[in-house]
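Content type mmCIF, C-alpha atoms and all ligand atoms, from the file my_file27.cif:
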```
data_target
#
loop_
_atom_site.label_atom_id
_atom_site.label_comp_id
_atom_site.auth_asym_id
_atom_site.auth_seq_id
_atom_site.Cartn_x
_atom_site.Cartn_y
_atom_site.Cartn_z
CA ALA A 954 -76.21 -38.05 -13.68
CA THR A 955 -74.08 -39.31 -16.57
CA ASN A 956 -75.32 -42.91 -16.52
CA ARG A 957 -78.95 -41.95 -17.06
CA VAL A 958 -80.53 -42.94 -20.37
CA TYR A 959 -82.99 -41.07 -22.55
CA ASN A 960 -86.18 -42.96 -21.83
CA PHE A 961 -88.83 -42.77 -24.55
CA SER A 962 -91.34 -44.91 -22.65
CA ALA A 963 -95.05 -44.13 -23.06
CA GLY A 964 -95.48 -44.33 -19.29
CA PRO A 965 -94.34 -44.58 -16.63
CA SER A 966 -91.83 -42.27 -18.19
CA MET A 967 -88.99 -39.86 -17.52
CA LEU A 968 -89.15 -37.47 -14.61
CA PRO A 969 -87.13 -34.25 -14.53
CA GLU A 970 -83.74 -34.69 -12.88
CA TRP A 971 -84.49 -31.50 -10.97
CA VAL A 972 -87.43 -33.34 -9.36
CA LEU A 973 -85.53 -36.55 -8.69
CA GLU A 974 -82.66 -34.65 -7.09
CA ARG A 975 -85.01 -32.63 -4.92
CA ALA A 976 -86.85 -35.78 -3.84
CA SER A 977 -83.57 -37.50 -3.18
CA SER A 978 -82.31 -34.64 -1.00
CA GLU A 979 -85.54 -34.77 1.01
CA MET A 980 -85.83 -38.55 1.07
CA LEU A 981 -84.66 -39.18 4.63
CA CYS A 982 -85.96 -36.03 6.18
CA TYR A 983 -88.57 -33.68 4.71
CA GLY A 984 -88.06 -30.16 6.00
CA SER A 985 -88.05 -30.16 9.78
CA SER A 986 -90.43 -33.12 9.98
CA GLY A 987 -87.72 -35.64 10.81
CA GLN A 988 -89.25 -38.16 8.39
CA SER A 989 -89.67 -39.03 4.75
CA VAL A 990 -92.87 -37.94 2.99
CA MET A 991 -93.44 -41.66 2.46
CA GLU A 992 -93.61 -42.23 6.20
CA MET A 993 -95.84 -39.30 6.98
CA SER A 994 -99.44 -39.44 8.13
CA HIS A 995 -101.70 -38.08 5.42
CA ARG A 996 -103.41 -36.15 8.23
CA SER A 997 -100.19 -34.43 9.32
CA SER A 998 -99.86 -30.68 8.82
CA ALA A 999 -96.77 -31.25 6.67
CA PHE A 1000 -98.71 -33.42 4.24
CA GLU A 1001 -101.77 -31.12 4.33
CA GLN A 1002 -99.39 -28.44 3.12
CA ILE A 1003 -98.02 -30.66 0.33
CA ILE A 1004 -101.43 -31.64 -1.06
CA GLY A 1005 -102.67 -28.05 -0.72
CA ASP A 1006 -99.62 -26.72 -2.58
CA CYS A 1007 -100.01 -29.42 -5.24
CA GLU A 1008 -103.60 -28.45 -5.92
CA ALA A 1009 -102.85 -24.71 -5.89
CA SER A 1010 -99.95 -25.26 -8.26
CA LEU A 1011 -102.02 -27.38 -10.66
CA ARG A 1012 -104.78 -24.77 -10.62
CA ARG A 1013 -102.23 -22.07 -11.47
CA ALA A 1014 -100.51 -24.12 -14.18
CA LEU A 1015 -103.73 -25.01 -15.99
CA SER A 1016 -105.68 -21.85 -15.08
CA ILE A 1017 -108.45 -23.99 -13.63
CA PRO A 1018 -111.45 -21.70 -13.20
CA GLU A 1019 -113.61 -21.34 -10.10
CA GLY A 1020 -116.38 -23.91 -10.03
CA TYR A 1021 -114.09 -26.87 -10.73
CA ARG A 1022 -112.82 -29.32 -8.13
CA VAL A 1023 -109.49 -31.13 -8.28
CA LEU A 1024 -109.44 -34.70 -6.95
CA PHE A 1025 -106.35 -36.79 -6.22
CA LEU A 1026 -107.41 -40.39 -6.65
CA GLN A 1027 -105.99 -43.86 -7.30
CA GLY A 1028 -106.93 -46.64 -9.69
CA GLY A 1029 -105.42 -45.14 -12.84
CA ALA A 1030 -107.20 -43.65 -15.81
CA SER A 1031 -108.77 -47.08 -16.31
CA SER A 1032 -110.84 -46.66 -13.14
CA GLN A 1033 -112.22 -43.45 -14.60
CA PHE A 1034 -113.63 -45.48 -17.49
CA ALA A 1035 -116.12 -46.74 -14.85
CA MET A 1036 -116.24 -43.79 -12.48
CA VAL A 1037 -117.34 -41.40 -15.23
CA PRO A 1038 -120.48 -43.36 -16.17
CA LEU A 1039 -121.25 -44.32 -12.56
CA ASN A 1040 -121.37 -40.64 -11.65
CA LEU A 1041 -122.52 -38.91 -14.82
CA LEU A 1042 -124.69 -41.36 -16.73
CA THR A 1043 -127.67 -40.73 -14.49
CA ARG A 1044 -129.97 -38.20 -16.12
CA SER A 1045 -130.85 -39.60 -19.56
CA GLY A 1046 -128.67 -42.68 -19.16
CA LYS A 1047 -127.20 -41.96 -22.61
CA ALA A 1048 -123.70 -40.88 -23.58
CA ASP A 1049 -121.75 -40.32 -26.81
CA TYR A 1050 -118.18 -41.57 -27.34
CA VAL A 1051 -115.56 -40.74 -29.98
CA ILE A 1052 -113.32 -43.74 -30.67
CA THR A 1053 -109.79 -42.63 -31.52
CA GLY A 1054 -107.85 -45.59 -30.20
CA GLN A 1055 -107.73 -48.46 -27.78
CA TRP A 1056 -108.08 -46.36 -24.65
CA ALA A 1057 -111.12 -44.53 -26.00
CA LYS A 1058 -112.58 -47.89 -26.99
CA LYS A 1059 -111.98 -49.35 -23.55
CA ALA A 1060 -113.70 -46.34 -22.00
CA TRP A 1061 -116.69 -46.89 -24.29
CA GLN A 1062 -116.83 -50.64 -23.60
CA GLN A 1063 -116.87 -49.93 -19.87
CA GLY A 1064 -119.47 -47.17 -20.25
CA ARG A 1065 -121.84 -49.52 -22.09
CA VAL A 1066 -122.13 -51.61 -18.94
CA TYR A 1067 -123.92 -48.72 -17.25
CA GLY A 1068 -126.07 -47.18 -19.96
CA GLU A 1069 -126.69 -46.47 -23.61
CA CYS A 1070 -123.30 -45.48 -24.97
CA ARG A 1071 -123.18 -44.60 -28.65
CA VAL A 1072 -120.17 -44.27 -30.93
CA VAL A 1073 -120.55 -40.95 -32.77
CA ALA A 1074 -117.25 -41.01 -34.67
CA SER A 1075 -114.33 -43.40 -35.06
CA SER A 1076 -110.99 -43.58 -36.82
CA GLU A 1077 -110.70 -47.35 -36.49
CA ASP A 1078 -110.98 -47.72 -40.30
CA ARG A 1079 -107.41 -46.42 -40.74
CA THR A 1080 -105.76 -47.82 -37.60
CA TYR A 1081 -106.64 -44.69 -35.64
CA SER A 1082 -104.13 -42.64 -37.63
CA TYR A 1083 -106.29 -39.50 -37.63
CA ILE A 1084 -108.83 -37.61 -35.55
CA PRO A 1085 -112.30 -38.06 -37.03
CA GLN A 1086 -114.53 -35.08 -37.66
CA VAL A 1087 -117.35 -34.92 -35.14
CA ASP A 1088 -120.44 -33.44 -36.73
CA PRO A 1089 -122.35 -31.51 -34.04
CA ALA A 1090 -125.60 -32.60 -35.73
CA GLN A 1091 -124.68 -36.20 -34.94
CA LEU A 1092 -124.44 -35.52 -31.21
CA ASP A 1093 -127.31 -36.33 -28.89
CA PRO A 1094 -128.35 -33.10 -27.16
CA ALA A 1095 -129.85 -35.22 -24.36
CA ALA A 1096 -126.64 -37.17 -23.71
CA ASP A 1097 -125.27 -37.04 -20.17
CA TYR A 1098 -121.80 -36.45 -21.62
CA LEU A 1099 -119.58 -36.73 -24.69
CA HIS A 1100 -116.36 -38.69 -24.06
CA ILE A 1101 -113.09 -38.23 -25.94
CA CYS A 1102 -109.51 -39.36 -25.44
CA TYR A 1103 -107.64 -36.11 -26.01
CA ASN A 1104 -104.21 -37.53 -26.87
CA ASN A 1105 -103.95 -41.07 -28.18
CA THR A 1106 -100.82 -42.51 -26.62
CA ILE A 1107 -100.60 -45.61 -28.80
CA TYR A 1108 -101.38 -44.03 -32.19
CA GLY A 1109 -99.82 -40.59 -31.76
CA THR A 1110 -102.83 -38.44 -32.59
CA THR A 1111 -104.28 -35.57 -30.64
CA PHE A 1112 -107.34 -33.40 -30.52
CA SER A 1113 -106.68 -29.67 -30.66
CA PRO A 1114 -108.82 -26.58 -30.11
CA ARG A 1115 -109.54 -26.87 -33.86
CA THR A 1116 -110.86 -30.45 -33.75
CA LEU A 1117 -112.36 -30.46 -30.26
CA PRO A 1118 -116.04 -31.36 -30.65
CA VAL A 1119 -118.52 -28.61 -29.89
CA SER A 1120 -120.95 -30.33 -27.54
CA GLY A 1121 -123.10 -27.37 -26.50
CA SER A 1122 -124.60 -27.95 -23.09
CA VAL A 1123 -123.55 -31.62 -23.05
CA PRO A 1124 -120.52 -31.93 -20.74
CA LEU A 1125 -117.34 -32.88 -22.59
CA VAL A 1126 -115.34 -35.54 -20.73
CA ALA A 1127 -111.69 -36.01 -21.72
CA ASP A 1128 -109.05 -38.58 -20.91
CA MET A 1129 -105.94 -36.38 -20.90
CA SER A 1130 -103.55 -38.97 -19.49
CA SER A 1131 -100.86 -38.45 -22.09
CA SER A 1132 -101.19 -34.73 -22.77
CA ILE A 1133 -102.09 -32.98 -19.53
CA LEU A 1134 -99.64 -30.17 -18.72
CA SER A 1135 -98.05 -30.37 -22.19
CA GLU A 1136 -99.74 -27.19 -23.40
CA PRO A 1137 -102.44 -24.82 -22.17
CA VAL A 1138 -106.04 -26.01 -22.56
CA ASP A 1139 -109.24 -24.10 -22.00
CA ILE A 1140 -110.58 -26.03 -19.01
CA SER A 1141 -113.94 -24.29 -19.26
CA ARG A 1142 -114.68 -26.27 -22.44
CA PHE A 1143 -114.74 -29.49 -20.37
CA GLY A 1144 -117.08 -30.89 -17.77
CA LEU A 1145 -114.53 -33.39 -16.57
CA ILE A 1146 -110.87 -34.14 -17.29
CA TYR A 1147 -109.00 -37.14 -15.95
CA ALA A 1148 -105.41 -38.30 -16.23
CA GLY A 1149 -103.15 -40.97 -14.86
CA ALA A 1150 -100.09 -39.18 -13.50
CA GLN A 1151 -97.40 -41.47 -14.87
CA LYS A 1152 -96.66 -39.54 -18.07
CA ASN A 1153 -96.53 -35.81 -17.44
CA MET A 1154 -97.34 -35.39 -13.76
CA GLY A 1155 -95.38 -37.84 -11.67
CA PRO A 1156 -95.16 -41.50 -10.77
CA ALA A 1157 -97.85 -44.13 -11.31
CA GLY A 1158 -100.41 -44.49 -8.54
CA LEU A 1159 -101.96 -41.03 -8.73
CA THR A 1160 -104.96 -40.20 -10.90
CA VAL A 1161 -106.05 -36.58 -11.19
CA VAL A 1162 -109.67 -35.60 -11.87
CA ILE A 1163 -110.75 -32.04 -12.65
CA ILE A 1164 -114.52 -31.87 -12.45
CA ARG A 1165 -117.13 -29.13 -12.75
CA GLU A 1166 -118.91 -28.87 -9.42
CA ASP A 1167 -122.42 -29.37 -10.76
CA LEU A 1168 -121.45 -32.83 -12.04
CA ILE A 1169 -120.70 -34.03 -8.50
CA GLY A 1170 -123.41 -35.65 -6.40
CA HIS A 1171 -125.48 -37.53 -8.98
CA ALA A 1172 -123.94 -41.00 -8.77
CA MET A 1173 -125.97 -44.14 -9.46
CA GLU A 1174 -127.48 -45.97 -6.58
CA LYS A 1175 -125.11 -48.66 -5.27
CA THR A 1176 -122.07 -46.82 -6.62
CA PRO A 1177 -119.23 -47.94 -4.34
CA ILE A 1178 -118.40 -45.15 -1.90
CA MET A 1179 -114.85 -45.06 -3.25
CA PHE A 1180 -116.17 -44.57 -6.81
CA ASP A 1181 -118.41 -41.61 -5.96
CA TYR A 1182 -116.79 -38.24 -6.80
CA LYS A 1183 -118.81 -36.73 -3.95
CA THR A 1184 -116.93 -38.86 -1.43
CA HIS A 1185 -113.57 -37.47 -2.50
CA ALA A 1186 -114.75 -33.91 -3.18
CA GLY A 1187 -116.33 -33.76 0.27
CA ALA A 1188 -113.19 -35.02 1.98
CA GLY A 1189 -110.55 -33.01 0.13
CA SER A 1190 -109.25 -36.26 -1.44
CA MET A 1191 -108.67 -37.56 2.10
CA TYR A 1192 -111.63 -39.91 2.53
CA ASN A 1193 -109.03 -42.65 2.74
CA THR A 1194 -105.27 -42.60 2.40
CA PRO A 1195 -104.38 -40.83 -0.82
CA PRO A 1196 -101.21 -41.78 -2.78
CA THR A 1197 -99.14 -39.45 -0.65
CA TYR A 1198 -95.70 -39.87 -2.18
CA ALA A 1199 -97.02 -39.61 -5.75
CA ILE A 1200 -98.81 -36.38 -4.79
CA TYR A 1201 -95.56 -35.04 -3.34
CA ILE A 1202 -93.68 -35.84 -6.56
CA CYS A 1203 -96.49 -34.28 -8.60
CA LYS A 1204 -96.07 -31.12 -6.54
CA LEU A 1205 -92.33 -31.13 -7.32
CA VAL A 1206 -93.06 -31.62 -11.03
CA LEU A 1207 -95.36 -28.59 -10.91
CA ASP A 1208 -92.68 -26.59 -9.04
CA TRP A 1209 -90.26 -27.50 -11.83
CA LEU A 1210 -92.74 -26.65 -14.57
CA GLN A 1211 -93.54 -23.24 -13.14
CA GLY A 1212 -90.05 -22.54 -11.81
CA PRO A 1213 -87.03 -23.39 -13.95
CA MET A 1214 -89.14 -24.29 -17.00
CA GLY A 1215 -90.91 -20.94 -16.99
CA GLY A 1216 -94.54 -22.11 -16.98
CA LEU A 1217 -96.94 -23.96 -19.23
CA GLU A 1218 -96.73 -21.62 -22.21
CA GLN A 1219 -92.96 -22.07 -22.37
CA MET A 1220 -93.29 -25.80 -21.80
CA ALA A 1221 -95.64 -25.96 -24.78
CA GLN A 1222 -93.16 -24.01 -26.90
CA ARG A 1223 -90.42 -26.50 -25.96
CA ASN A 1224 -92.73 -29.41 -26.71
CA ARG A 1225 -93.49 -27.99 -30.15
CA GLU A 1226 -89.77 -27.59 -30.85
CA LYS A 1227 -89.02 -31.16 -29.80
CA ALA A 1228 -91.85 -32.63 -31.85
CA GLU A 1229 -90.96 -30.51 -34.88
CA LEU A 1230 -87.36 -31.74 -34.79
CA LEU A 1231 -88.54 -35.32 -34.95
CA TYR A 1232 -91.37 -34.87 -37.47
CA ASP A 1233 -89.19 -32.72 -39.77
CA TYR A 1234 -86.62 -35.49 -39.87
CA LEU A 1235 -89.26 -38.22 -40.36
CA ASP A 1236 -90.94 -36.29 -43.18
CA GLN A 1237 -87.77 -36.26 -45.29
CA SER A 1238 -86.31 -39.61 -44.23
CA ARG A 1239 -86.08 -42.29 -46.92
CA LEU A 1240 -85.99 -45.07 -44.33
CA PHE A 1241 -88.40 -44.07 -41.58
CA SER A 1242 -92.02 -42.97 -42.09
CA PRO A 1243 -94.30 -41.31 -39.57
CA THR A 1244 -97.64 -43.12 -39.17
CA VAL A 1245 -99.65 -39.92 -38.65
CA GLN A 1246 -99.91 -37.10 -41.17
CA GLY A 1247 -100.92 -33.51 -40.83
CA GLU A 1248 -102.41 -31.53 -38.03
CA ASP A 1249 -103.60 -34.42 -35.87
CA ARG A 1250 -100.02 -35.30 -34.88
CA SER A 1251 -99.38 -35.60 -31.18
CA LEU A 1252 -96.64 -33.52 -29.56
CA MET A 1253 -96.15 -36.26 -26.99
CA ASN A 1254 -96.15 -39.63 -28.77
CA VAL A 1255 -94.50 -40.02 -32.16
CA PRO A 1256 -94.93 -43.42 -33.86
CA PHE A 1257 -92.85 -44.31 -36.93
CA VAL A 1258 -91.96 -47.38 -38.97
CA THR A 1259 -89.42 -48.58 -41.51
CA GLY A 1260 -91.92 -51.00 -43.07
CA ASP A 1261 -89.59 -53.91 -42.30
CA PRO A 1262 -90.23 -55.53 -38.88
CA ALA A 1263 -86.74 -57.04 -38.77
CA LEU A 1264 -85.16 -53.64 -39.39
CA ASP A 1265 -87.45 -52.07 -36.78
CA ALA A 1266 -86.26 -54.62 -34.25
CA ALA A 1267 -82.62 -53.99 -35.14
CA PHE A 1268 -83.17 -50.26 -34.75
CA VAL A 1269 -84.78 -50.62 -31.31
CA LYS A 1270 -81.95 -52.87 -30.15
CA GLU A 1271 -79.15 -50.65 -31.42
CA ALA A 1272 -80.84 -47.51 -30.07
CA GLU A 1273 -80.98 -49.13 -26.66
CA GLN A 1274 -77.26 -49.82 -26.78
CA ALA A 1275 -76.78 -46.12 -27.52
CA GLY A 1276 -78.76 -45.10 -24.40
CA LEU A 1277 -82.04 -44.40 -26.20
CA VAL A 1278 -84.44 -46.80 -24.54
CA ASN A 1279 -88.07 -47.96 -24.83
CA LEU A 1280 -88.52 -47.03 -28.48
CA LYS A 1281 -90.46 -50.16 -29.41
CA GLY A 1282 -93.91 -49.24 -30.71
CA HIS A 1283 -97.15 -50.61 -29.37
CA ARG A 1284 -97.88 -54.05 -30.81
CA SER A 1285 -101.02 -52.81 -32.57
CA VAL A 1286 -99.03 -50.27 -34.65
CA GLY A 1287 -95.67 -52.03 -34.76
CA GLY A 1288 -92.45 -50.19 -35.50
CA MET A 1289 -91.29 -47.54 -33.09
CA ARG A 1290 -92.79 -44.90 -30.86
CA ALA A 1291 -90.90 -42.06 -29.23
CA SER A 1292 -92.79 -40.63 -26.28
CA ILE A 1293 -91.38 -37.19 -25.66
CA TYR A 1294 -93.23 -35.91 -22.60
CA ASN A 1295 -92.36 -32.71 -20.74
CA ALA A 1296 -89.40 -34.28 -18.93
CA MET A 1297 -87.64 -35.38 -22.13
CA PRO A 1298 -84.99 -32.73 -22.76
CA ILE A 1299 -84.47 -31.46 -26.31
CA GLU A 1300 -80.97 -33.00 -26.14
CA GLY A 1301 -82.65 -36.42 -25.98
CA VAL A 1302 -84.62 -35.73 -29.17
CA LYS A 1303 -81.51 -34.36 -30.90
CA LYS A 1304 -79.60 -37.48 -29.93
CA LEU A 1305 -82.42 -39.66 -31.24
CA VAL A 1306 -82.55 -37.83 -34.58
CA ALA A 1307 -78.75 -38.04 -34.96
CA PHE A 1308 -78.93 -41.76 -34.18
CA MET A 1309 -81.69 -42.25 -36.75
CA GLN A 1310 -79.70 -40.37 -39.39
CA ALA A 1311 -76.70 -42.60 -38.78
CA PHE A 1312 -78.88 -45.72 -38.85
CA GLU A 1313 -80.48 -44.52 -42.08
CA SER A 1314 -77.15 -44.05 -43.82
CA ASP A 1315 -76.06 -47.53 -42.69
CA HIS A 1316 -79.23 -49.24 -43.94
CA ARG A 1317 -80.20 -47.58 -47.16
N1 LIG B 1 -105.77 -43.57 -21.25
C1 LIG B 1 -104.65 -43.25 -21.94
C2 LIG B 1 -104.72 -42.20 -23.00
C3 LIG B 1 -103.45 -43.93 -21.66
O1 LIG B 1 -102.35 -43.62 -22.35
C4 LIG B 1 -103.43 -44.91 -20.65
C5 LIG B 1 -102.17 -45.64 -20.26
N2 LIG B 1 -101.18 -45.76 -21.17
C6 LIG B 1 -104.62 -45.22 -20.00
C7 LIG B 1 -105.76 -44.51 -20.31
C8 LIG B 1 -104.66 -46.26 -18.92
O2 LIG B 1 -104.12 -45.66 -17.79
P1 LIG B 1 -103.87 -46.42 -16.43
O3 LIG B 1 -102.80 -47.41 -16.67
O4 LIG B 1 -103.47 -45.28 -15.52
O5 LIG B 1 -105.16 -47.05 -16.02
#
```
If you took the structure in this file and wrote it as structure tokens, what would it be?
Amino acid sequence: ATNRVYNFSAGPSMLPEWVLERASSEMLCYGSSGQSVMEMSHRSSAFEQIIGDCEASLRRALSIPEGYRVLFLQGGASSQFAMVPLNLLTRSGKADYVITGQWAKKAWQQGRVYGECRVVASSEDRTYSYIPQVDPAQLDPAADYLHICYNNTIYGTTFSPRTLPVSGSVPLVADMSSSILSEPVDISRFGLIYAGAQKNMGPAGLTVVIIREDLIGHAMEKTPIMFDYKTHAGAGSMYNTPPTYAIYICKLVLDWLQGPMGGLEQMAQRNREKAELLYDYLDQSRLFSPTVQGEDRSLMNVPFVTGDPALDAAFVKEAEQAGLVNLKGHRSVGGMRASIYNAMPIEGVKKLVAFMQAFESDHR
């Protein structure tokens, strides 16, 4: 559609037009069901098929090994800040957290309510602009888990296979809200992965949990039934009404990823190209500076500043008029942030870079 903008929002964010068109064509009547997916009983065979396909497709996309369960939940990633400790912090009652931004910090603050949660590394000293080294000797071998936020949406940093802490037999728990499905990850290195869907998987309202089976079934006494992974694992995510329409859109996103986009490896290649375009420009610009240096740079969220808040504001406003929207940075970093998730086409990044070049020559 010609009147659509390039939306650089951190989430909810762009969805592929392929998905929106498909959903639109099936809006009134899904297949031969005579109804919209939104109107369908979650117990209907049509919806059973959708959720089954969604899980199978996610398993294929991420190569999720045997021995892991996939749960389709609600409550956002923020609910997982509590659900993780309620379910996992029950052997030694101790956990280690790496603080790489506000979301990681919120997870830690919530975890502390339920047990002894220690900060083992932090990058708060430099406004979370890097991924801190985690010394394996610092980790508690008796901890129930080690928690990280894999991609830091606000600050634009990411863990990588190179920086991922080696936690031995301690389960690694990762918030992957803003990087899931952006590139392949070795799921077997994690005990539990969670992600809100509203960045790379679909609309808000769906939260995906990928959990190693042995971590299910040890929840604290008095854990609300809805907050016990066992409840949802035992009921195929159908203990209560799941977010049916969001699951359907997630299935379409996975169809798109593994159909026209050619799979996760190719998606990752495209994501690297998009990010490189933007970082290469930022690295030589005399007006804009990236806030993250080196190998910890996120492929998904790219913060940058001019150093002059008034100029930043002018840039955001003029970009919006040019159809490049939601470029304002998070208030804790200031400046701008371009979130370039899977659904952002390379044309959007090219248009942004061209706009920045023009703005730079006008304001230098
Ligand atoms: N973790 C990360 C990394 C996020 O980016 C966000 C949302 N921006 C959250 C957690 C919170 O997610 P939700 O709004 O789904 O609770």
Q: Counting only C-alpha atoms, figure out which residue out of A:Ser1016, A:Thr1080, A:Ser1032, A:Thr1106 gets nearest to Trp1056 in chain A.
A: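 Using only C-alpha atoms, Trp1056 in chain A sits closest to A:Thr1106.
In this comparison, which uses all atoms listed in the file, the residue of A:Asp1265, A:Asp1128, A:Glu1229, A:Glu1248 approaching ligand LIG 1 (chain B) most closely is A:Asp1128.
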Q. Which residue gives the smallest distance to Gly1282 in chain A among A:Tyr1232, A:Ile1107, A:Asn1153, A:Gly987, with all atoms listed in the file counted?
A.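 Closest residue, counting all atoms listed in the file: A:Ile1107.
For the set A:Ser962, A:Gln1033, A:Ser1131, A:Ser1120, the residue with the smallest atom-to-atom gap to Leu1092 in chain A is A:Ser1120, counting all atoms listed in the file.
Nearest to Phe1000 in chain A of all the residues A:Arg1284, A:Lys1152, A:Arg1225, A:Lys1204 is A:Lys1204, based on only C-alpha atoms.
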Q: May I have the protein, DNA and RNA residues with an atom at most 12 Å from (-89.3, -35.1, -3.5), counting only C-alpha atoms in the file's coordinates, returned as a VMD selection string?
A: chain A and resid 968 to 984 989 to 991 1003 1155 to 1156 1197 to 1209
Q) Excluding same-chain residues fewer than 3 positions from Lys1058 in chain A, what lies within 12 Å of it counting all atoms listed in the file, as JSON, numbers by chain? A) {"A": [1031, 1034, 1049, 1050, 1051, 1052, 1053, 1054, 1055, 1061, 1062, 1063, 1064, 1065, 1070, 1071, 1072, 1074, 1075, 1076, 1077, 1081, 1100, 1101, 1102, 1105, 1128]}
Q | Distance in Å - CA of Phe1112 in chain A versus CA of Leu1134 in chain A | A |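 Calculated distance between CA of Phe1112 in chain A and CA of Leu1134 in chain A is 14.5 Å.
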